[in-house]
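Coordinates from target-v8.pdb are shown below (PDB, C-alpha atoms).
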ATOM      1  CA  MET Y  81     -31.894  -1.786 -17.724
ATOM      2  CA  ASP Y  82     -29.074   0.436 -19.026
ATOM      3  CA  LYS Y  83     -27.600  -1.742 -21.783
ATOM      4  CA  ARG Y  84     -24.211  -0.040 -21.613
ATOM      5  CA  CYS Y  85     -23.824  -1.448 -18.078
ATOM      6  CA  GLN Y  86     -24.039  -5.109 -19.039
ATOM      7  CA  CYS Y  87     -22.226  -7.429 -21.391
ATOM      8  CA  ASP Y  88     -23.986  -7.855 -24.726
ATOM      9  CA  LEU Y  89     -24.630 -11.607 -24.403
ATOM     10  CA  PRO Y  90     -27.789 -13.411 -23.283
ATOM     11  CA  TYR Y  91     -28.002 -14.948 -19.828
ATOM     12  CA  PRO Y  92     -28.338 -18.724 -19.608
ATOM     13  CA  PRO Y  93     -31.570 -20.128 -18.184
ATOM     14  CA  ILE Y  94     -31.790 -20.086 -14.403
ATOM     15  CA  GLN Y  95     -31.791 -23.810 -13.781
ATOM     16  CA  VAL Y  96     -29.997 -26.454 -11.756
ATOM     17  CA  SER Y  97     -29.274 -30.025 -12.809
ATOM     18  CA  ARG Y  98     -30.690 -31.156  -9.472
ATOM     19  CA  PRO Y  99     -31.228 -29.464  -6.104
ATOM     20  CA  ASP Y 100     -28.005 -29.717  -4.128
ATOM     21  CA  PRO Y 101     -27.448 -27.911  -0.810
ATOM     22  CA  ARG Y 102     -23.659 -28.207  -1.255
ATOM     23  CA  TRP Y 103     -23.812 -25.248  -3.646
ATOM     24  CA  LEU Y 104     -25.596 -22.972  -1.157
ATOM     25  CA  PRO Y 105     -22.566 -21.499   0.707
ATOM     26  CA  PRO Y 106     -20.801 -20.101  -2.388
ATOM     27  CA  LEU Y 107     -24.109 -18.891  -3.852
ATOM     28  CA  ARG Y 108     -25.026 -17.192  -0.555
ATOM     29  CA  ASP Y 109     -21.628 -15.492  -0.381
ATOM     30  CA  LEU Y 110     -22.165 -14.029  -3.852
ATOM     31  CA  TYR Y 111     -25.755 -13.127  -2.976
ATOM     32  CA  ALA Y 112     -25.365 -11.470   0.432
ATOM     33  CA  GLY Y 113     -21.870 -12.010   1.801
ATOM     34  CA  ARG Y 114     -19.441  -9.300   2.878
ATOM     35  CA  ARG Y 115     -18.606  -8.560  -0.798
ATOM     36  CA  SER Y 116     -21.792  -9.479  -2.607
ATOM     37  CA  GLU Y 117     -24.461  -8.393  -5.027
ATOM     38  CA  LEU Y 118     -26.516  -6.975  -2.161
ATOM     39  CA  GLY Y 119     -23.508  -4.925  -1.092
ATOM     40  CA  ALA Y 120     -22.792  -3.804  -4.650
ATOM     41  CA  ILE Y 121     -26.376  -2.616  -5.117
ATOM     42  CA  THR Y 122     -26.412  -0.599  -1.916
ATOM     43  CA  GLN Y 123     -22.928   0.818  -2.463
ATOM     44  CA  TYR Y 124     -23.690   1.903  -6.037
ATOM     45  CA  CYS Y 125     -26.960   3.497  -4.917
ATOM     46  CA  TYR Y 126     -25.149   5.363  -2.122
ATOM     47  CA  GLN Y 127     -22.419   6.513  -4.508
ATOM     48  CA  SER Y 128     -24.958   7.588  -7.096
ATOM     49  CA  PHE Y 129     -26.757   9.741  -4.528
ATOM     50  CA  VAL Y 130     -23.680  11.404  -3.004
ATOM     51  CA  LEU Y 131     -21.882  11.932  -6.320
ATOM     52  CA  SER Y 132     -24.853  13.352  -8.216
ATOM     53  CA  GLY Y 133     -23.825  16.904  -7.314
ATOM     54  CA  GLN Y 134     -20.241  16.299  -8.419
ATOM     55  CA  ASP Y 135     -20.820  14.503 -11.724
ATOM     56  CA  GLU Y 136     -24.326  13.658 -12.937
ATOM     57  CA  GLU Y 137     -23.066  11.423 -15.767
ATOM     58  CA  ILE Y 138     -21.052   9.228 -13.386
ATOM     59  CA  SER Y 139     -23.990   9.179 -10.964
ATOM     60  CA  LYS Y 140     -26.207   7.908 -13.785
ATOM     61  CA  LEU Y 141     -23.640   5.245 -14.733
ATOM     62  CA  LEU Y 142     -23.454   4.012 -11.138
ATOM     63  CA  ARG Y 143     -27.270   3.775 -11.006
ATOM     64  CA  GLY Y 144     -27.149   1.735 -14.213
ATOM     65  CA  ILE Y 145     -24.564  -0.633 -12.751
ATOM     66  CA  ALA Y 146     -26.699  -0.984  -9.600
ATOM     67  CA  ILE Y 147     -29.636  -2.120 -11.737
ATOM     68  CA  VAL Y 148     -27.494  -4.785 -13.424
ATOM     69  CA  GLU Y 149     -26.356  -5.918  -9.966
ATOM     70  CA  MET Y 150     -30.048  -6.184  -8.981
ATOM     71  CA  HIS Y 151     -30.539  -8.584 -11.864
ATOM     72  CA  HIS Y 152     -27.576 -10.630 -10.613
ATOM     73  CA  LEU Y 153     -29.109 -10.696  -7.116
ATOM     74  CA  GLU Y 154     -32.379 -11.943  -8.584
ATOM     75  CA  MET Y 155     -30.665 -14.739 -10.515
ATOM     76  CA  LEU Y 156     -28.640 -15.827  -7.478
ATOM     77  CA  GLY Y 157     -31.771 -15.788  -5.301
ATOM     78  CA  GLN Y 158     -33.505 -18.048  -7.797
ATOM     79  CA  LEU Y 159     -30.525 -20.426  -7.850
ATOM     80  CA  ILE Y 160     -30.488 -20.538  -4.045
ATOM     81  CA  CYS Y 161     -34.171 -21.498  -4.052
ATOM     82  CA  LEU Y 162     -33.615 -24.123  -6.750
ATOM     83  CA  CYS Y 163     -30.827 -25.652  -4.635
ATOM     84  CA  GLY Y 164     -33.207 -25.951  -1.673
ATOM     85  CA  GLY Y 165     -32.184 -22.827   0.236
ATOM     86  CA  ARG Y 166     -33.860 -19.603   1.279
ATOM     87  CA  PRO Y 167     -32.741 -16.307  -0.240
ATOM     88  CA  ASP Y 168     -32.273 -14.531   3.077
ATOM     89  CA  PHE Y 169     -29.615 -11.864   3.401
ATOM     90  CA  ALA Y 170     -26.872 -13.883   5.049
ATOM     91  CA  GLY Y 171     -23.676 -15.057   3.418
ATOM     92  CA  GLY Y 172     -22.420 -18.622   3.177
ATOM     93  CA  ARG Y 173     -21.255 -18.715   6.793
ATOM     94  CA  ARG Y 174     -24.677 -17.393   7.807
ATOM     95  CA  GLN Y 175     -23.360 -13.968   8.799
ATOM     96  CA  TRP Y 176     -26.173 -11.470   8.252
ATOM     97  CA  TRP Y 177     -25.441  -8.762   5.730
ATOM     98  CA  ASN Y 178     -25.247  -5.241   7.150
ATOM     99  CA  GLY Y 179     -24.411  -1.738   6.063
ATOM    100  CA  SER Y 180     -20.999  -1.759   7.751
ATOM    101  CA  PHE Y 181     -19.756  -3.830   4.800
ATOM    102  CA  LEU Y 182     -19.861  -0.741   2.547
ATOM    103  CA  SER Y 183     -17.403   2.023   1.871
ATOM    104  CA  TYR Y 184     -18.913   5.448   2.433
ATOM    105  CA  ARG Y 185     -16.416   7.444   0.381
ATOM    106  CA  LYS Y 186     -17.932  10.703  -0.840
ATOM    107  CA  ASP Y 187     -15.098  11.873  -3.058
ATOM    108  CA  LEU Y 188     -15.419  10.967  -6.725
ATOM    109  CA  CYS Y 189     -12.013   9.349  -7.219
ATOM    110  CA  GLY Y 190     -12.098   7.489  -3.913
ATOM    111  CA  ALA Y 191     -15.566   6.081  -4.594
ATOM    112  CA  LEU Y 192     -14.647   4.995  -8.117
ATOM    113  CA  LEU Y 193     -11.435   3.343  -6.948
ATOM    114  CA  VAL Y 194     -13.274   1.439  -4.193
ATOM    115  CA  SER Y 195     -15.847   0.240  -6.706
ATOM    116  CA  LEU Y 196     -13.137  -0.767  -9.151
ATOM    117  CA  GLY Y 197     -11.444  -2.875  -6.480
ATOM    118  CA  ASP Y 198     -14.776  -4.472  -5.580
ATOM    119  CA  GLU Y 199     -15.532  -5.302  -9.217
ATOM    120  CA  VAL Y 200     -12.090  -6.847  -9.766
ATOM    121  CA  ALA Y 201     -12.698  -8.976  -6.649
ATOM    122  CA  ALA Y 202     -16.185  -9.898  -7.927
ATOM    123  CA  VAL Y 203     -14.819 -11.232 -11.215
ATOM    124  CA  ASP Y 204     -12.434 -13.448  -9.256
ATOM    125  CA  ALA Y 205     -15.143 -14.526  -6.789
ATOM    126  CA  TYR Y 206     -17.482 -15.605  -9.599
ATOM    127  CA  HIS Y 207     -14.755 -17.588 -11.335
ATOM    128  CA  GLN Y 208     -13.771 -19.252  -8.053
ATOM    129  CA  ALA Y 209     -17.370 -20.135  -7.206
ATOM    130  CA  ALA Y 210     -17.931 -21.523 -10.710
ATOM    131  CA  SER Y 211     -14.870 -23.730 -10.374
ATOM    132  CA  ARG Y 212     -16.112 -25.077  -7.001
ATOM    133  CA  ILE Y 213     -19.673 -25.795  -8.083
ATOM    134  CA  GLY Y 214     -20.198 -29.109  -9.857
ATOM    135  CA  ASP Y 215     -23.441 -28.167 -11.583
ATOM    136  CA  PRO Y 216     -22.835 -27.017 -15.191
ATOM    137  CA  LYS Y 217     -26.106 -25.043 -15.300
ATOM    138  CA  ILE Y 218     -25.150 -23.015 -12.232
ATOM    139  CA  ARG Y 219     -21.593 -22.587 -13.520
ATOM    140  CA  ALA Y 220     -22.936 -21.144 -16.792
ATOM    141  CA  VAL Y 221     -24.927 -18.492 -14.903
ATOM    142  CA  LEU Y 222     -21.958 -17.592 -12.686
ATOM    143  CA  GLU Y 223     -19.589 -17.300 -15.642
ATOM    144  CA  ARG Y 224     -22.088 -15.044 -17.456
ATOM    145  CA  ILE Y 225     -22.430 -12.806 -14.395
ATOM    146  CA  ALA Y 226     -18.611 -12.643 -14.239
ATOM    147  CA  MET Y 227     -18.704 -11.179 -17.764
ATOM    148  CA  ASP Y 228     -20.897  -8.320 -16.529
ATOM    149  CA  GLU Y 229     -18.546  -7.741 -13.597
ATOM    150  CA  ALA Y 230     -15.562  -7.614 -15.983
ATOM    151  CA  HIS Y 231     -17.508  -5.109 -18.090
ATOM    152  CA  HIS Y 232     -18.033  -3.000 -14.950
ATOM    153  CA  VAL Y 233     -14.261  -3.069 -14.373
ATOM    154  CA  GLN Y 234     -13.787  -1.649 -17.880
ATOM    155  CA  LEU Y 235     -16.453   1.044 -17.385
ATOM    156  CA  LEU Y 236     -14.982   2.122 -14.057
ATOM    157  CA  ARG Y 237     -11.439   2.208 -15.421
ATOM    158  CA  GLU Y 238     -12.643   4.466 -18.234
ATOM    159  CA  GLN Y 239     -14.268   6.844 -15.737
ATOM    160  CA  ILE Y 240     -11.209   6.850 -13.482
ATOM    161  CA  SER Y 241      -9.034   7.696 -16.468
ATOM    162  CA  CYS Y 242     -11.392  10.449 -17.691
ATOM    163  CA  CYS Y 243     -11.617  12.030 -14.245
ATOM    164  CA  GLY Y 244      -7.856  12.145 -13.824
ATOM    165  CA  CYS Y 245      -7.983  10.022 -10.683
ATOM    166  CA  PRO Y 246      -4.641   8.732  -9.469
ATOM    167  CA  GLN Y 247      -4.265   5.206 -10.831
ATOM    168  CA  ARG Y 248      -3.603   2.253  -8.626
ATOM    169  CA  ARG Y 249      -3.164  -1.298  -9.762
ATOM    170  CA  SER Y 250      -6.416  -3.281  -9.777
TER     171      SER Y 250
END
In structure tokens, how does this file's structure come out?
Amino acid sequence: MDKRCQCDLPYPPIQVSRPDPRWLPPLRDLYAGRRSELGAITQYCYQSFVLSGQDEEISKLLRGIAIVEMHHLEMLGQLICLCGGRPDFAGGRRQWWNGSFLSYRKDLCGALLVSLGDEVAAVDAYHQAASRIGDPKIRAVLERIAMDEAHHVQLLREQISCCGCPQRRS
């Protein structure tokens, strides 16, 4: 895993205090909802492929972020199983994940700005889910993942600034 793409703190153990299906909907939304880890992985892979001809360094960074997001997906899948659920690719309202959830921007600035907006939303989503879930072990994992997402916001802002992309508030 590309260490520059994750926060430099250890992850808590993947545990639950006790299996509780009440925590499944927010975990599923983070796992495979409309804006989820599954979506982040596929979007970063897409962006890495289409941007490789424009900027190989940014393409490599996006691949690195995708790998960190894969680790998040793995941890969420384990938590879903520990809570008594199945890690299928449907969000909390049982809407199946699909590729229409992604942005298919091919221009460097547009792709980076979309990803920045998604990462800002991810930080908020993890904090909201952590505040709704009553299990301190799950909350610890979600708060740690939020740290990685905040780090991704910083990395993307740096790239947007270096590329001279028009800034928008995120």
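Atom CA of Ala191 of chain Y is positioned 14.3 Å from atom CA of Glu136 of chain Y.
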Please, what distance in Å, to one decimal, runs between atom CA of Arg237 of chain Y and atom CA of Lys140 of chain Y? 15.9 Å
Contacts of Ala230 of chain Y within 8 Å, only C-alpha atoms, excl. fewer than 5 positions in-chain, as JSON, numbers by chain: {"Y": [199, 200, 203]}
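Within the file as shown, the PyMOL selection byres ((chain Y and resi 90-92) around 10) identifies Cys87, Asp88, Leu89, Pro93, Ile94, Gln95, Met155, Lys217, Ile218, Arg219, Ala220, Val221, Leu222, Glu223, Arg224 and Ile225 of chain Y.
The spacing separating atom CA of Leu104 of chain Y from atom CA of Ser180 of chain Y amounts to 23.5 Å.
Considering the residues Y:Ile213, Y:Cys85, Y:Cys163, Y:Ala120 and counting only C-alpha atoms, His231 of chain Y has its shortest atom-to-atom contact with Y:Cys85.
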Which polymer residues have any atom within 6 Å of an atom of segment 121-123 of chain Y, counting only C-alpha atoms, with same-chain residues fewer than 2 positions away left out, as a ChimeraX atom specification? /Y:118-119,125-126,146,149
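Compared by their closest atoms to Gln86 of chain Y, and using all atoms listed in the file, the residues Y:Gly144, Y:Pro106, Y:Gly190, Y:Pro99 rank with Y:Gly144 nearest.
Applied to the shown file, the PyMOL selection byres ((chain Y and resi 189) around 8) selects the residues Asp187, Leu188, Gly190, Ala191, Leu192, Leu193, Ile240, Cys243, Cys245 and Pro246 of chain Y.
Each of Y:Gly179, Y:Pro216, Y:Gly197, Y:Gly157 was checked against His232 of chain Y using only C-alpha atoms; the smallest atom-to-atom distance is that of Y:Gly197.
With all atoms listed in the file taken into account, every residue lying no more than 7 Å from the file point (-25.2, -19.6, -6.7) is included here: Trp103, Leu104, Pro106, Leu107, Arg108, Leu110, Leu156, Leu159, Ile160 and Ile218 of chain Y.
Of the listed residues Y:Ser195, Y:Ser241, Y:Gln208, Y:Ser139, the one whose atoms come nearest to Leu182 of chain Y is Y:Ser195, with distances taken using all atoms listed in the file.
Proximity ranking of Y:Gly133, Y:Asp228, Y:Gly165, Y:Arg84 relative to Ala202 of chain Y places Y:Asp228 first, based on all atoms listed in the file.
Distances from Y:Glu117, Y:Asp198, Y:Glu238, Y:Asp100 to Phe169 of chain Y were compared using all atoms listed in the file, and the smallest one belongs to Y:Glu117.
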Starting from the PyMOL selection byres ((chain Y and resi 172) around 7), expand the selection into actual residues of this file and give them as a list in words. Leu104, Pro105, Pro106, Arg108, Asp109, Gly113, Ala170, Gly171, Arg173 and Arg174 of chain Y
Box time for segment 228-234 of chain Y: axis-aligned, enclosing all its listed atoms, 4 Å extra on each side; report centre and edge lengths in Å to one decimal, as AutoDock Vina command-line options.
--center_x -17.3 --center_y -5.0 --center_z -15.8 --size_x 15.1 --size_y 14.7 --size_z 12.5
Give me the residues near Tyr124 of chain Y as a ChimeraX atom specification, where near means some atom within 8 Å (using all atoms listed in the file) and where sequence neighbours in that chain fewer than 5 positions away do not count. /Y:142-143,145-146
